[in-house]
Amino acid sequence: MSANTIKISPSLLSCDFSRLGEEIQAITDAGADMIHCDIMDGHFVPNITFGPPVLASLRAHCRLPLDVHLMIEEPENYVQAFVEAGADILTIQVESTRHPHRLIRRIQDLGCKAGIVLNPGTPEDSIKYLADMVDMVLVMSVNPGFGGQSFIREMLPKISRIRDMIGDCDLQVDGGIDEHVAADVIAAGANVLVAGSYIFNHHSYAKAIRLLKTARHT
């Protein structure tokens with residue numbers, strides 16, 4: 001997979017929220033392809049972030065696609081609000097809804113791309129009958145809820161099996177990504193990398209994104 005086919009979606013979870021607009025402009029200038037927005041409700045995961053009004057504010061000042069990951073209970077009650085707020089793709093946790101097929105179709109009917117997400121302990125068989133309808137699959141390589149966690153290496157064979165399952169569909173990985181882990185997940189079949197701490201703690205956002213895009217085993 002060539003470097004220009006790898007997409008980087010910096011996670012705002014690790015940015016300086018007191019400078020949110022400046023941070024978005026900085027990662028845009030640094031070469032980010034998307035912006036990853038982690039939506040947490042304090043129930044599905046033990047943390048709370050932001051909702052549709054903040055997303056709408058981001059949309060007004062951001063030209064990159066908004067990659068919105070709903071880590072919330074009862075996502076079917078909120079997808080329309082997030083689409084109306086400006087999400088370009090909404091990814092939902094397969095564990096969070098009883099009717100993922102119906103919810104994916106609803107998101108797409110609202111004019112938004114839809115993706116499905118698996119937690120580390122969720123087997124890939126759980127999306128077997130969803131894989132051919134989504135625009136992206138997201139594999140969590142840490143347990144969701146907090147930034148700065150270490151990559152769970154047992155996810156590598158899972159990533160490979162999902163790549164075989166979904167063909168050319170976008171395969172995103174989120175959790176513990178740095179330039180060394182990036183080489184492993186790219187080799188396993190991922191083409192969209194979410195990175196928060198690695199990018200926002202780096203002295204150069206542009207260099208961090210470039211290292212992720214070009215990460216390969218030698």
# chains A, B, ... in the order shown; residues from 1 in each chain; ligands from 1

call {"tool": "residues_around", "arguments": {"residues": "Thr91 in chain A", "least_positions_apart": "6", "cutoff": "6 Å", "atoms": "only C-alpha atoms", "output": "list of chain:residue names"}}
result
A:His69, A:Ala114, A:Gly115, A:Ile116

call {"tool": "residues_around", "arguments": {"residues": "Gly51 in chain A", "least_positions_apart": "2", "cutoff": "8 Å", "atoms": "only C-alpha atoms", "output": "PDB file with N, CA and C atoms, in the first residue's frame"}}
result
ATOM      1  N   ILE A  39     -17.041  10.702  20.416  1.00  0.00           N
ATOM      2  CA  ILE A  39     -18.237  11.127  21.145  1.00  0.00           C
ATOM      3  C   ILE A  39     -18.505  10.111  22.253  1.00  0.00           C
ATOM      4  N   THR A  49     -17.336  13.551  26.409  1.00  0.00           N
ATOM      5  CA  THR A  49     -16.643  14.534  25.570  1.00  0.00           C
ATOM      6  C   THR A  49     -17.615  15.635  25.151  1.00  0.00           C
ATOM      7  N   PRO A  53     -23.870  20.191  19.245  1.00  0.00           N
ATOM      8  CA  PRO A  53     -23.586  21.629  19.108  1.00  0.00           C
ATOM      9  C   PRO A  53     -22.103  21.933  18.902  1.00  0.00           C
ATOM     10  N   VAL A  54     -21.235  21.235  19.623  1.00  0.00           N
ATOM     11  CA  VAL A  54     -19.792  21.455  19.438  1.00  0.00           C
ATOM     12  C   VAL A  54     -19.373  20.976  18.057  1.00  0.00           C
ATOM     13  N   LEU A  55     -19.908  19.824  17.633  1.00  0.00           N
ATOM     14  CA  LEU A  55     -19.578  19.326  16.296  1.00  0.00           C
ATOM     15  C   LEU A  55     -19.994  20.334  15.229  1.00  0.00           C
ATOM     16  N   PHE A  82     -26.304  14.265  14.861  1.00  0.00           N
ATOM     17  CA  PHE A  82     -24.894  14.356  14.466  1.00  0.00           C
ATOM     18  C   PHE A  82     -24.742  14.538  12.961  1.00  0.00           C
TER      19      PHE A  82
END

call {"tool": "residues_around", "arguments": {"residues": "Glu76 in chain A", "least_positions_apart": "4", "cutoff": "12 Å", "atoms": "only C-alpha atoms", "output": "MDAnalysis selection string"}}
result
chainID A and resid 70:72 80:83 90:94 96:107

call {"tool": "residues_around", "arguments": {"residues": "Leu138 in chain A", "least_positions_apart": "4", "cutoff": "12 Å", "atoms": "only C-alpha atoms", "output": "PyMOL selection string"}}
result
chain A and resi 9+36+67-70+89-94+114-120+122+124+127+131+134+142+144+155+158-159+162-163+166+169-175+189-194

call {"tool": "select_by_dssp", "arguments": {"residues": "range 157-186 of chain A", "states": "strand (DSSP E)", "output": "list of chain:residue names"}}
result
A:Asp170, A:Leu171, A:Gln172, A:Val173, A:Asp174

call {"tool": "atom_distance", "arguments": {"atom1": "CA of Ile35 in chain A", "atom2": "CA of Leu66 in chain A"}}
result
5.1 Å
